[in-house]
$ cat target_11.txt   # compact mmCIF, C-alpha atoms
# COMPACT_ATOMS: atom_id res chain seq x y z
CA MET A 154 -22.64 -12.05 3.51
CA ILE A 155 -21.82 -8.51 2.42
CA SER A 156 -24.27 -5.64 2.74
CA GLN A 157 -22.33 -2.80 1.08
CA VAL A 158 -19.02 -2.13 -0.63
CA PHE A 159 -17.57 1.35 -1.01
CA ILE A 160 -14.23 2.95 -1.84
CA LEU A 161 -13.08 6.21 -0.26
CA SER A 162 -10.14 8.45 -0.94
CA SER A 163 -7.74 9.37 1.84
CA LYS A 164 -9.69 12.63 2.25
CA GLY A 165 -13.04 10.84 2.55
CA ASP A 166 -14.32 11.48 -0.99
CA HIS A 167 -16.91 8.91 -2.16
CA LEU A 168 -15.49 7.18 -5.22
CA ILE A 169 -17.54 3.95 -5.40
CA TYR A 170 -20.66 2.94 -3.46
CA LYS A 171 -22.62 -0.28 -4.01
CA ASP A 172 -25.51 -1.42 -1.79
CA PHE A 173 -26.36 -5.09 -2.29
CA ARG A 174 -29.08 -5.70 0.33
CA GLY A 175 -30.52 -2.34 1.38
CA GLU A 176 -29.94 -3.03 5.07
CA ALA A 177 -28.29 0.31 5.85
CA GLY A 178 -28.37 3.80 4.41
CA SER A 179 -25.65 5.61 2.50
CA ASP A 180 -24.83 7.67 5.61
CA VAL A 181 -22.70 4.74 6.83
CA VAL A 182 -19.95 5.99 4.51
CA SER A 183 -19.62 9.17 6.55
CA VAL A 184 -19.90 7.19 9.78
CA PHE A 185 -16.99 4.96 8.76
CA TYR A 186 -14.75 7.87 7.78
CA GLU A 187 -15.48 9.70 11.03
CA LYS A 188 -14.59 6.59 13.02
CA VAL A 189 -11.40 5.79 11.11
CA THR A 190 -10.08 9.38 11.27
CA ALA A 191 -10.96 9.86 14.95
CA LEU A 192 -8.58 7.06 15.95
CA THR A 193 -4.99 7.85 16.88
CA GLY A 194 -2.10 5.99 15.28
CA ASP A 195 -1.21 5.00 11.74
CA GLN A 196 -2.91 1.57 11.82
CA PRO A 197 -6.63 1.75 12.65
CA PRO A 198 -8.33 -1.58 13.40
CA VAL A 199 -9.39 -3.54 10.34
CA VAL A 200 -12.78 -4.39 11.87
CA MET A 201 -14.96 -1.74 13.53
CA SER A 202 -18.61 -1.71 14.62
CA HIS A 203 -21.40 0.86 14.70
CA LYS A 204 -24.66 -0.26 16.29
CA ASP A 205 -25.51 -3.52 14.45
CA LEU A 206 -23.25 -2.80 11.48
CA HIS A 207 -19.69 -4.08 11.12
CA PHE A 208 -17.09 -2.30 8.98
CA VAL A 209 -14.23 -4.33 7.47
CA HIS A 210 -11.62 -2.41 5.52
CA VAL A 211 -8.16 -2.62 3.94
CA ARG A 212 -5.90 0.21 2.79
CA GLN A 213 -4.47 -0.15 -0.71
CA GLY A 214 -3.18 2.48 -3.11
CA GLY A 215 -3.92 5.25 -0.61
CA LEU A 216 -7.65 4.34 -0.69
CA TYR A 217 -10.04 2.80 1.83
CA TRP A 218 -11.68 -0.39 0.51
CA VAL A 219 -14.63 -1.07 2.82
CA ALA A 220 -17.27 -3.77 3.13
CA THR A 221 -20.12 -3.73 5.65
CA THR A 222 -22.09 -6.63 7.05
CA THR A 223 -24.85 -7.07 9.61
CA ALA A 224 -24.54 -10.84 9.89
CA ASP A 225 -22.01 -12.89 11.81
CA SER A 226 -19.77 -13.26 8.79
CA SER A 227 -16.15 -14.28 9.08
CA PRO A 228 -14.00 -11.13 9.03
CA PHE A 229 -11.15 -13.12 7.46
CA THR A 230 -13.38 -14.05 4.52
CA ILE A 231 -14.32 -10.41 3.94
CA ILE A 232 -10.69 -9.28 4.26
CA GLU A 233 -9.66 -11.87 1.68
CA PHE A 234 -12.51 -10.69 -0.57
CA LEU A 235 -11.36 -7.06 -0.32
CA ASN A 236 -7.77 -8.03 -1.09
CA ARG A 237 -8.92 -9.97 -4.15
CA LEU A 238 -11.12 -7.05 -5.19
CA THR A 239 -8.13 -4.68 -5.07
CA ALA A 240 -6.12 -7.18 -7.11
CA LEU A 241 -8.90 -7.38 -9.71
CA VAL A 242 -9.20 -3.61 -9.96
CA LYS A 243 -5.43 -3.36 -10.36
CA ASP A 244 -5.51 -6.02 -13.09
CA TYR A 245 -8.38 -4.41 -15.01
CA CYS A 246 -7.48 -0.73 -14.45
CA GLY A 247 -3.70 -1.09 -14.52
CA SER A 248 -2.99 0.65 -11.20
CA LEU A 249 -4.53 1.46 -7.84
CA SER A 250 -5.00 5.19 -7.37
CA GLU A 251 -7.76 7.69 -6.86
CA LYS A 252 -7.46 8.86 -10.46
CA SER A 253 -7.66 5.36 -11.95
CA VAL A 254 -10.76 4.56 -9.87
CA GLN A 255 -12.45 7.79 -10.94
CA MET A 256 -11.66 7.19 -14.61
CA ASN A 257 -12.86 3.56 -14.50
CA PHE A 258 -15.89 3.77 -12.21
CA ALA A 259 -18.13 2.09 -14.80
CA LEU A 260 -15.72 -0.85 -15.08
CA ILE A 261 -15.51 -1.23 -11.28
CA TYR A 262 -19.32 -1.22 -10.95
CA GLU A 263 -19.48 -3.91 -13.65
CA LEU A 264 -16.93 -5.98 -11.72
CA LEU A 265 -18.95 -5.65 -8.49
CA ASP A 266 -22.13 -6.73 -10.29
CA GLU A 267 -20.39 -9.91 -11.47
CA ILE A 268 -18.49 -10.94 -8.34
CA VAL A 269 -21.22 -10.29 -5.74
CA ASP A 270 -24.90 -11.24 -6.02
CA TYR A 271 -27.24 -10.02 -3.26
CA GLY A 272 -24.35 -9.97 -0.82
CA TYR A 273 -23.00 -13.43 -1.68
CA ILE A 274 -19.56 -13.70 -3.28
CA GLN A 275 -19.71 -15.49 -6.64
CA THR A 276 -16.19 -15.47 -8.09
CA THR A 277 -12.99 -13.44 -8.08
CA SER A 278 -11.26 -15.33 -10.89
CA SER A 279 -10.10 -13.18 -13.78
CA ASP A 280 -10.36 -16.22 -16.09
CA VAL A 281 -14.10 -16.44 -15.37
CA LEU A 282 -14.73 -12.71 -15.38
CA LYS A 283 -13.08 -12.08 -18.76
CA ASN A 284 -16.09 -13.76 -20.41
CA PHE A 285 -18.50 -11.22 -18.87
CA ILE A 286 -16.63 -7.92 -18.47
CA GLN A 287 -17.13 -5.81 -21.59
CA THR A 288 -16.13 -2.33 -20.42
CA GLU A 289 -12.68 -1.27 -21.57
CA ALA A 290 -10.33 0.33 -19.08
CA VAL A 291 -9.43 4.00 -19.42
CA SER A 292 -5.78 4.68 -18.75
CA SER A 293 -3.95 7.98 -18.81
CA LYS A 294 -0.33 8.36 -19.82
CA PRO A 295 1.15 11.47 -18.21
CA PHE A 296 3.41 13.57 -20.43
CA SER A 297 7.02 13.56 -19.27
CA LEU A 298 9.80 15.85 -20.43
CA PHE A 299 12.23 13.05 -19.65
CA ASP A 300 10.62 10.60 -22.09
CA LEU A 301 10.68 12.18 -25.53
CA SER A 302 12.00 9.21 -27.48
CA ASN A 303 8.65 8.57 -29.11
CA VAL A 304 7.57 12.17 -29.69
CA GLY A 305 7.79 13.62 -33.16
CA LEU A 306 6.97 16.97 -34.75
CA PHE A 307 4.54 19.08 -32.66
CA GLY A 308 4.29 16.30 -30.08
CA ALA A 309 2.98 13.62 -32.44
CA GLU A 310 3.92 10.08 -31.45
CA THR A 311 6.21 8.22 -33.83
CA GLN A 312 6.46 4.51 -34.54
CA GLN A 313 10.00 4.30 -33.18
CA SER A 314 10.49 1.13 -31.18
CA LYS A 315 11.34 1.55 -27.52
CA VAL A 316 12.58 -0.47 -24.60
CA ALA A 317 9.68 -1.41 -22.34
CA PRO A 318 9.34 1.30 -19.65
CA SER A 319 9.16 0.56 -15.93
CA THR A 320 5.39 1.12 -16.05
CA ALA A 321 4.85 -1.56 -18.69
CA ALA A 322 3.49 -3.99 -16.09
CA THR A 323 0.88 -1.52 -14.81
CA ARG A 324 -1.41 -1.45 -17.82
CA PRO A 325 -4.86 -3.14 -17.82
CA ILE A 326 -4.97 -6.82 -18.73
CA GLN A 327 -7.48 -6.05 -21.48
CA SER A 328 -4.99 -3.73 -23.19
CA SER A 329 -3.42 -6.63 -25.11
CA ARG A 330 -6.23 -6.30 -27.62
CA GLU A 331 -5.28 -2.66 -28.17
CA GLN A 332 -1.64 -3.56 -28.81
CA GLY A 333 -2.21 -5.73 -31.84
CA GLY A 334 -2.01 -9.07 -30.04
CA LYS A 335 1.32 -8.29 -28.35
CA SER A 336 1.96 -10.85 -25.62
CA GLU A 337 4.05 -10.15 -22.54
CA ILE A 338 4.64 -11.78 -19.19
CA PHE A 339 6.34 -10.22 -16.15
CA VAL A 340 7.92 -12.14 -13.28
CA ASP A 341 8.95 -10.21 -10.16
CA VAL A 342 11.08 -11.63 -7.36
CA ILE A 343 10.42 -9.27 -4.46
CA GLU A 344 12.07 -9.51 -1.03
CA ARG A 345 11.52 -7.47 2.13
CA MET A 346 14.09 -7.46 4.88
CA SER A 347 13.77 -6.67 8.60
CA VAL A 348 17.12 -6.04 10.29
CA VAL A 349 18.24 -4.84 13.71
CA ILE A 350 21.92 -3.89 14.16
CA GLY A 351 23.28 -3.19 17.64
CA SER A 352 25.27 -0.13 18.64
CA ASN A 353 28.45 -2.23 18.43
CA GLY A 354 27.71 -3.12 14.80
CA VAL A 355 26.68 -6.71 15.55
CA LEU A 356 23.70 -8.10 13.62
CA MET A 357 21.00 -8.85 16.22
CA LYS A 358 18.04 -9.81 14.03
CA ALA A 359 17.52 -10.53 10.35
CA ASP A 360 14.31 -11.73 8.72
CA ILE A 361 13.56 -11.92 5.00
CA GLU A 362 10.14 -12.39 3.40
CA GLY A 363 9.98 -12.94 -0.33
CA GLU A 364 7.53 -13.72 -3.10
CA ILE A 365 7.48 -14.49 -6.80
CA LYS A 366 4.73 -12.61 -8.64
CA VAL A 367 3.59 -13.25 -12.19
CA LYS A 368 1.61 -10.78 -14.27
CA CYS A 369 0.40 -12.22 -17.54
CA TYR A 370 -0.76 -10.30 -20.62
CA MET A 371 -0.95 -13.36 -22.84
CA PRO A 372 -4.39 -14.16 -24.27
CA SER A 373 -3.67 -17.90 -24.19
CA CYS A 374 -0.87 -19.76 -22.45
CA SER A 375 -1.32 -23.44 -21.67
CA GLU A 376 1.69 -23.79 -19.36
CA MET A 377 4.59 -21.81 -17.96
CA ARG A 378 7.71 -23.35 -16.42
CA ILE A 379 9.82 -21.29 -14.00
CA GLY A 380 13.23 -22.70 -13.13
CA LEU A 381 14.77 -21.65 -9.81
CA ASN A 382 18.33 -22.11 -8.53
CA GLU A 383 19.32 -25.76 -8.48
CA GLU A 384 20.91 -25.07 -5.08
CA PHE A 385 17.59 -23.84 -3.62
CA SER A 386 16.78 -25.71 -0.39
CA ILE A 387 13.96 -25.44 2.14
CA GLY A 388 14.63 -25.80 5.85
CA LYS A 389 17.77 -27.34 7.25
CA SER A 390 17.80 -30.12 4.70
CA GLN A 391 20.89 -31.29 2.89
CA LEU A 392 22.34 -28.69 0.55
CA ARG A 393 21.74 -29.20 -3.15
CA GLY A 394 23.93 -28.68 -6.19
CA TYR A 395 27.51 -27.49 -6.39
CA GLY A 396 27.11 -23.71 -6.23
CA ALA A 397 26.44 -21.33 -3.36
CA ALA A 398 23.53 -22.51 -1.22
CA VAL A 399 20.22 -20.65 -1.45
CA ARG A 400 18.24 -21.57 1.65
CA VAL A 401 14.87 -20.53 3.09
CA ASP A 402 13.06 -21.72 6.21
CA GLU A 403 9.50 -21.89 4.87
CA CYS A 404 7.91 -21.90 1.44
CA SER A 405 4.31 -21.91 0.18
CA PHE A 406 2.86 -22.05 -3.31
CA HIS A 407 -0.23 -20.91 -5.17
CA GLN A 408 -2.85 -23.62 -5.53
CA ALA A 409 -2.41 -23.59 -9.32
CA VAL A 410 1.30 -24.47 -9.13
CA ARG A 411 2.23 -28.06 -9.95
CA LEU A 412 5.24 -29.33 -8.01
CA ASP A 413 5.97 -32.65 -9.74
CA GLU A 414 9.31 -31.28 -11.00
CA PHE A 415 10.14 -29.11 -8.02
CA ASP A 416 11.83 -31.67 -5.76
CA THR A 417 14.18 -32.93 -8.44
CA HIS A 418 14.78 -29.97 -10.77
CA ARG A 419 13.41 -26.93 -8.83
CA ILE A 420 10.89 -26.15 -11.57
CA LEU A 421 7.47 -24.57 -10.97
CA ARG A 422 4.74 -25.40 -13.49
CA LEU A 423 1.50 -23.48 -13.78
CA CYS A 424 -1.09 -22.23 -16.24
CA PRO A 425 -1.12 -18.47 -15.55
CA SER A 426 -4.37 -16.58 -15.75
CA GLN A 427 -4.49 -13.05 -17.09
CA GLY A 428 -3.61 -10.58 -14.38
CA GLU A 429 -1.36 -10.72 -11.36
CA GLN A 430 -0.92 -13.65 -9.01
CA THR A 431 1.57 -14.62 -6.31
CA VAL A 432 3.12 -17.91 -7.40
CA MET A 433 5.38 -18.55 -4.40
CA GLN A 434 6.07 -17.07 -0.95
CA TYR A 435 9.07 -17.85 1.24
CA GLN A 436 10.66 -16.76 4.49
CA LEU A 437 14.12 -16.84 6.08
CA SER A 438 14.44 -16.06 9.80
CA ASP A 439 17.43 -15.13 11.97
CA ASP A 440 19.86 -15.38 9.10
CA LEU A 441 21.37 -13.14 6.44
CA PRO A 442 23.28 -14.93 3.66
CA SER A 443 25.46 -11.88 3.01
CA ALA A 444 26.64 -8.82 4.92
CA PRO A 445 23.98 -6.18 5.75
CA PRO A 446 23.77 -3.63 2.92
CA PHE A 447 24.38 -0.63 5.19
CA ARG A 448 26.63 0.18 8.15
CA LEU A 449 26.40 3.37 10.21
CA PHE A 450 29.22 5.02 12.18
CA PRO A 451 27.68 7.76 14.38
CA THR A 452 29.29 10.36 16.64
CA ILE A 453 26.97 12.28 18.99
CA GLU A 454 28.30 15.17 21.09
CA ARG A 455 27.58 18.68 22.31
CA ASP A 456 29.62 21.66 21.13
CA SER A 457 30.75 24.67 23.13
CA GLY A 458 27.69 26.65 22.10
CA GLY A 459 25.27 24.10 23.54
CA ARG A 460 24.22 22.69 20.15
CA LEU A 461 23.77 18.98 19.50
CA LEU A 462 26.21 17.69 16.88
CA MET A 463 25.48 14.47 15.00
CA TYR A 464 28.22 13.30 12.65
CA LEU A 465 27.06 10.28 10.66
CA LYS A 466 29.03 8.11 8.24
CA LEU A 467 26.88 5.74 6.22
CA ARG A 468 28.58 2.99 4.23
CA CYS A 469 26.95 0.94 1.47
CA ASP A 470 28.36 -2.60 1.40
CA LEU A 471 26.71 -3.63 -1.86
CA PRO A 472 28.86 -4.80 -4.81
CA PRO A 473 30.53 -1.89 -6.65
CA LYS A 474 28.35 -2.28 -9.76
CA SER A 475 25.12 -2.17 -7.70
CA ALA A 476 23.36 0.76 -6.09
CA ALA A 477 20.59 1.47 -3.62
CA ILE A 478 17.94 4.02 -4.52
CA ASN A 479 15.48 6.14 -2.54
CA VAL A 480 17.52 5.81 0.65
CA CYS A 481 16.13 7.67 3.66
CA ALA A 482 17.69 7.68 7.12
CA THR A 483 15.35 8.80 9.91
CA ILE A 484 17.15 9.93 13.08
CA PRO A 485 14.97 10.66 16.15
CA VAL A 486 16.16 13.80 17.99
CA PRO A 487 15.50 15.21 21.49
CA LYS A 488 12.28 17.00 22.38
CA GLY A 489 12.39 20.73 21.92
CA SER A 490 14.63 20.74 18.83
CA VAL A 491 13.88 23.97 17.01
CA SER A 492 16.25 24.28 14.04
CA LEU A 493 18.74 22.34 11.95
CA SER A 494 21.87 23.25 10.02
CA GLN A 495 23.64 20.66 7.91
CA GLU A 496 26.80 19.83 6.00
CA LEU A 497 26.35 17.02 3.47
CA SER A 498 29.09 15.22 1.55
CA SER A 499 27.38 15.48 -1.88
CA PRO A 500 24.97 17.99 -3.45
CA ASP A 501 22.28 15.46 -4.38
CA GLN A 502 21.57 14.70 -0.71
CA SER A 503 19.04 16.60 1.38
CA ALA A 504 17.96 16.72 5.01
CA GLU A 505 14.99 18.16 6.87
CA LEU A 506 13.95 18.45 10.51
CA LYS A 507 10.42 17.11 11.01
CA LEU A 508 9.17 18.86 14.14
CA GLN A 509 5.95 16.85 14.36
CA SER A 510 7.72 13.48 14.38
CA ARG A 511 10.84 14.79 16.19
CA ALA A 512 13.22 13.38 13.63
CA VAL A 513 15.73 14.36 10.97
CA ASP A 514 15.15 12.81 7.55
CA TRP A 515 18.34 12.36 5.51
CA GLN A 516 17.47 11.67 1.86
CA ILE A 517 19.88 10.01 -0.60
CA PRO A 518 18.41 9.46 -4.10
CA ARG A 519 21.12 7.03 -5.24
CA PHE A 520 23.81 5.29 -3.17
CA PRO A 521 26.41 3.30 -5.19
CA GLY A 522 27.81 0.14 -3.65
CA GLY A 523 31.25 0.26 -2.07
CA THR A 524 30.99 3.99 -1.25
CA GLN A 525 30.54 6.03 1.89
CA LEU A 526 28.58 9.23 2.52
CA SER A 527 28.68 11.51 5.52
CA ALA A 528 26.54 14.22 7.09
CA LEU A 529 27.03 16.69 9.93
CA PHE A 530 23.82 17.86 11.60
CA LYS A 531 23.81 20.76 14.08
CA LEU A 532 20.64 21.00 16.15
CA GLU A 533 19.48 23.88 18.29
CA VAL A 534 17.97 22.29 21.41
CA PRO A 535 17.14 24.72 24.27
CA GLY A 536 18.12 23.26 27.63
CA LEU A 537 20.13 20.40 26.10
CA SER A 538 21.29 17.97 28.79
CA SER A 539 23.05 14.63 28.95
CA ALA A 540 19.68 12.93 29.51
CA SER A 541 18.13 14.52 26.41
CA MET A 542 21.10 13.42 24.30
CA LEU A 543 20.09 9.83 25.04
CA GLU A 544 16.90 10.47 23.05
CA VAL A 545 18.89 10.40 19.80
CA GLY A 546 18.26 7.19 17.82
CA PRO A 547 17.77 4.49 16.90
CA VAL A 548 18.22 5.24 13.21
CA GLY A 549 15.70 3.76 10.78
CA LEU A 550 16.63 3.19 7.13
CA SER A 551 14.29 2.77 4.19
CA PHE A 552 15.64 1.89 0.77
CA GLU A 553 15.22 -0.13 -2.41
CA LEU A 554 17.80 -2.46 -3.93
CA PRO A 555 17.04 -3.04 -7.64
CA LYS A 556 18.42 -6.14 -9.39
CA ILE A 557 19.29 -7.73 -6.02
CA THR A 558 17.83 -10.53 -3.90
CA VAL A 559 19.31 -10.93 -0.43
CA THR A 560 18.68 -14.68 -0.35
CA GLY A 561 20.32 -15.17 -3.77
CA LEU A 562 17.16 -16.62 -5.35
CA GLN A 563 17.32 -16.39 -9.14
CA ILE A 564 15.16 -17.38 -12.10
CA ARG A 565 17.20 -19.79 -14.25
CA PHE A 566 14.71 -19.85 -17.12
CA LEU A 567 11.16 -18.93 -18.04
CA ARG A 568 9.59 -21.16 -20.69
CA LEU A 569 6.15 -21.14 -22.26
CA SER A 570 4.45 -24.04 -23.97
CA PRO A 571 3.20 -24.26 -26.57
CA VAL A 572 5.40 -21.65 -28.24
CA GLN A 573 3.35 -18.47 -28.57
CA PRO A 574 2.47 -17.38 -32.13
CA GLY A 575 3.69 -13.94 -32.99
CA PRO A 576 6.05 -11.77 -30.92
CA SER A 577 6.08 -12.43 -27.18
CA GLN A 578 8.31 -10.96 -24.51
CA ARG A 579 9.27 -12.18 -21.06
CA TRP A 580 10.58 -9.88 -18.32
CA VAL A 581 12.17 -10.80 -14.98
CA ARG A 582 12.85 -8.24 -12.24
CA TYR A 583 14.59 -8.57 -8.88
CA VAL A 584 14.11 -6.03 -6.09
CA THR A 585 14.65 -5.91 -2.33
CA HIS A 586 12.83 -3.45 -0.07
CA SER A 587 13.50 -2.49 3.53
CA ASP A 588 10.57 -3.52 5.68
CA SER A 589 12.31 -2.44 8.90
CA TYR A 590 16.02 -1.64 9.04
CA THR A 591 17.04 -0.33 12.46
CA ILE A 592 20.51 0.65 13.62
CA ARG A 593 20.94 1.37 17.32
CA ILE A 594 23.24 4.19 18.41
$ encode --input "target_11.txt" --output "structure tokens"
Amino acid sequence: MISQVFILSSKGDHLIYKDFRGEAGSDVVSVFYEKVTALTGDQPPVVMSHKDLHFVHVRQGGLYWVATTTADSSPFTIIEFLNRLTALVKDYCGSLSEKSVQMNFALIYELLDEIVDYGYIQTTSSDVLKNFIQTEAVSSKPFSLFDLSNVGLFGAETQQSKVAPSTAATRPIQSSREQGGKSEIFVDVIERMSVVIGSNGVLMKADIEGEIKVKCYMPSCSEMRIGLNEEFSIGKSQLRGYGAAVRVDECSFHQAVRLDEFDTHRILRLCPSQGEQTVMQYQLSDDLPSAPPFRLFPTIERDSGGRLLMYLKLRCDLPPKSAAINVCATIPVPKGSVSLSQELSSPDQSAELKLQSRAVDWQIPRFPGGTQLSALFKLEVPGLSSASMLEVGPVGLSFELPKITVTGLQIRFLRLSPVQPGPSQRWVRYVTHSDSYTIRI
């Protein structure tokens, strides 16, 4: 049973506040923010208490999504409710941000009125809610100097057709009515990898977590069939097909997915609801089907002037036609480091010494496969000793690999039945993120 629901910005601004039972005053919002900001560390506890009141919160889109309860409710139920609430707001508003919440506060209040009644959760299904939600979402399209293909004289928009932009899947689900009945469906295969590489270059740990997400903008779709690799196998079972094996250790499916064709033909069948849903989740532990995407060759020494020299060679082992984007290497440095000078192998790179976190951040916007980049960092460290040089490392990498799945999972086909009247488009995207990529020095 939920007493209150409120949404706060990262600075503590009150964006949404809904009291369902009148058991506590509105001052609990300030109490929660004081408690969550007084804690040290990046991950405050999900459940906190104040007198007889319990706070349960999640962090999504840079916002605090909080529910309070005075009863002995299951915290896992409330956490699941908050996660579904964020998914609904993302579906109806198009994105999760402070601006989108402020612009669509009336829509969010209408959602809360429908999904919670006197503290009791009623439904979080978008298929049910679409019959009751009448408020249209307000979305803002920022002007970009880099996107002038549809701008005419004096900034007027033209009717020139365009390729769907990368933000096409972040519009509200109700926007299909504004687009003249245009139907679209987006399928994302997203993988996150956790890797630890030893100082000798040997792979010590490799875990991959993946999911297939579907976001549907079709007003009516009776069934969708998603075909995966025929060689896809779960566990250590016998390999399937004649191509390269695609294996995972564990796999789970959304309750709406029908698996009658999965064992024989690796086909997922479901009737997608409007909005976003995770169709399948999978995991692969202690194995990496291909070579790690990055290798680091470090040289750490002290020069004659007492400065710490770090010469780093970073190699990208992706295929030559692929590229990693938003690459950031974080190198911990000794205490007392005061300044940094740098020599980088290309002008688009950048580096900065973060004194608060005691680390050097090496930024690479785009890293083509089959290439190597280098950097020489010279650090002024008063009283540098052999012991303080041991404080360098390990190096942490964050990156994004578009159009790549590490496991090799692919979508063979995406079919809709019955055939949709009018124009309909289907989009499939593959992307791999670094969850934790550590290289020991």
$ atom_distance --input "target_11.txt" --atom1 "atom CA of Asp341 of chain A" --atom2 "atom CA of Lys368 of chain A"
8.4 Å
$ residues_near_point --input "target_11.txt" --point "(30.1, -11.8, 5.7)" --cutoff "12 Å" --atoms "only C-alpha atoms" --output "JSON, numbers by chain"
{"A": [355, 356, 440, 441, 442, 443, 444, 445, 446, 470, 471]}
$ atom_distance --input "target_11.txt" --atom1 "atom CA of Ala482 of chain A" --atom2 "atom CA of Tyr590 of chain A"
9.7 Å
$ closest_residue --input "target_11.txt" --among "A:Glu289, A:Asp166, A:Asp360, A:Asp180" --to "Gly247 of chain A" --atoms "only C-alpha atoms"
A:Glu289
$ closest_residue --input "target_11.txt" --among "A:Arg345, A:Lys366, A:Arg448, A:Arg460" --to "His586 of chain A" --atoms "all atoms listed in the file"
A:Arg345
$ residues_near_point --input "target_11.txt" --point "(-9.9, -0.2, 10.5)" --cutoff "8 Å" --atoms "all atoms listed in the file" --output "CSV table (one decimal) with C-alpha atoms, in the frame of the given file"
chain,number,residue,atom,x,y,z
A,189,VAL,CA,-11.4,5.8,11.1
A,196,GLN,CA,-2.9,1.6,11.8
A,197,PRO,CA,-6.6,1.8,12.6
A,198,PRO,CA,-8.3,-1.6,13.4
A,199,VAL,CA,-9.4,-3.5,10.3
A,200,VAL,CA,-12.8,-4.4,11.9
A,201,MET,CA,-15.0,-1.7,13.5
A,208,PHE,CA,-17.1,-2.3,9.0
A,209,VAL,CA,-14.2,-4.3,7.5
A,210,HIS,CA,-11.6,-2.4,5.5
A,211,VAL,CA,-8.2,-2.6,3.9
$ closest_residue --input "target_11.txt" --among "A:Leu260, A:Val480, A:Cys369, A:Cys469" --to "Gln427 of chain A" --atoms "only C-alpha atoms"
A:Cys369
$ axis_aligned_box --input "target_11.txt" --around "segment 212-222 of chain A" --padding-each-side "4 Å" --output "lines of an AutoDock Vina configuration file"
center_x = -12.6
center_y = -0.7
center_z = 2.0
size_x = 26.9
size_y = 19.9
size_z = 18.2
$ residues_around --input "target_11.txt" --residues "Leu567 of chain A" --least-positions-apart "2" --cutoff "7 Å" --atoms "all atoms listed in the file" --output "PDB file with C-alpha atoms, in the frame of the given file"
ATOM      1  CA  ARG A 378       7.710 -23.350 -16.420  1.00  0.00           C
ATOM      2  CA  ILE A 379       9.820 -21.290 -14.000  1.00  0.00           C
ATOM      3  CA  GLY A 380      13.230 -22.700 -13.130  1.00  0.00           C
ATOM      4  CA  LEU A 569       6.150 -21.140 -22.260  1.00  0.00           C
TER       5      LEU A 569
END
$ residues_around --input "target_11.txt" --residues "Pro485 of chain A" --least-positions-apart "6" --cutoff "7 Å" --atoms "all atoms listed in the file" --output "list of chain:residue names"
A:Arg511, A:Ala512, A:Val513, A:Val545, A:Gly546, A:Pro547, A:Val548
$ atom_distance --input "target_11.txt" --atom1 "atom CA of Asp172 of chain A" --atom2 "atom CA of Leu282 of chain A"
20.7 Å
$ closest_residue --input "target_11.txt" --among "A:Val581, A:Val401, A:Ala177, A:Ile169" --to "Tyr435 of chain A" --atoms "all atoms listed in the file"
A:Val401
$ closest_residue --input "target_11.txt" --among "A:Val184, A:Leu249, A:Val534, A:Leu493" --to "Gly215 of chain A" --atoms "all atoms listed in the file"
A:Leu249
$ residues_around --input "target_11.txt" --residues "Gln255 of chain A" --least-positions-apart "2" --cutoff "12 Å" --atoms "only C-alpha atoms" --output "number ranges by chain"
A: 160-162, 166-169, 216, 242, 246, 248-253, 257-262, 290-293
$ closest_residue --input "target_11.txt" --among "A:Phe159, A:Phe229, A:Tyr217, A:Trp580" --to "Ser336 of chain A" --atoms "only C-alpha atoms"
A:Trp580
$ residues_around --input "target_11.txt" --residues "segment 496-510 of chain A" --least-positions-apart "6" --cutoff "12 Å" --atoms "all atoms listed in the file" --output "NGL selection string"
:A and (462-467 or 478-490 or 516-520 or 524-534)
$ residues_around --input "target_11.txt" --residues "Ala224 of chain A" --least-positions-apart "4" --cutoff "9 Å" --atoms "all atoms listed in the file" --output "CSV table (one decimal) with C-alpha atoms, in the coordinates of the input"
chain,number,residue,atom,x,y,z
A,154,MET,CA,-22.6,-12.0,3.5
A,155,ILE,CA,-21.8,-8.5,2.4
A,156,SER,CA,-24.3,-5.6,2.7
A,205,ASP,CA,-25.5,-3.5,14.4
A,206,LEU,CA,-23.2,-2.8,11.5
A,207,HIS,CA,-19.7,-4.1,11.1
$ decode --input "target_11.txt" --residues "segment 474-478 of chain A" --atoms "N, CA, C and O atoms" --output "JSON list (two decimals), in the first residue's frame"
[["chain", "number", "residue", "atom", "x", "y", "z"],
["A", 474, "LYS", "N", 35.88, -2.13, -40.38],
["A", 474, "LYS", "CA", 34.74, -1.31, -40.77],
["A", 474, "LYS", "C", 33.89, -0.86, -39.58],
["A", 474, "LYS", "O", 32.91, -0.14, -39.76],
["A", 475, "SER", "N", 34.23, -1.29, -38.37],
["A", 475, "SER", "CA", 33.48, -0.92, -37.17],
["A", 475, "SER", "C", 34.25, 0.17, -36.42],
["A", 475, "SER", "O", 35.40, 0.46, -36.72],
["A", 476, "ALA", "N", 33.58, 0.73, -35.43],
["A", 476, "ALA", "CA", 34.21, 1.78, -34.62],
["A", 476, "ALA", "C", 33.52, 1.85, -33.27],
["A", 476, "ALA", "O", 32.31, 1.60, -33.16],
["A", 477, "ALA", "N", 34.29, 2.18, -32.26],
["A", 477, "ALA", "CA", 33.75, 2.46, -30.93],
["A", 477, "ALA", "C", 33.58, 3.96, -30.79],
["A", 477, "ALA", "O", 34.35, 4.74, -31.35],
["A", 478, "ILE", "N", 32.56, 4.36, -30.06],
["A", 478, "ILE", "CA", 32.32, 5.79, -29.85],
["A", 478, "ILE", "C", 32.25, 6.08, -28.35],
["A", 478, "ILE", "O", 32.04, 5.18, -27.54]]
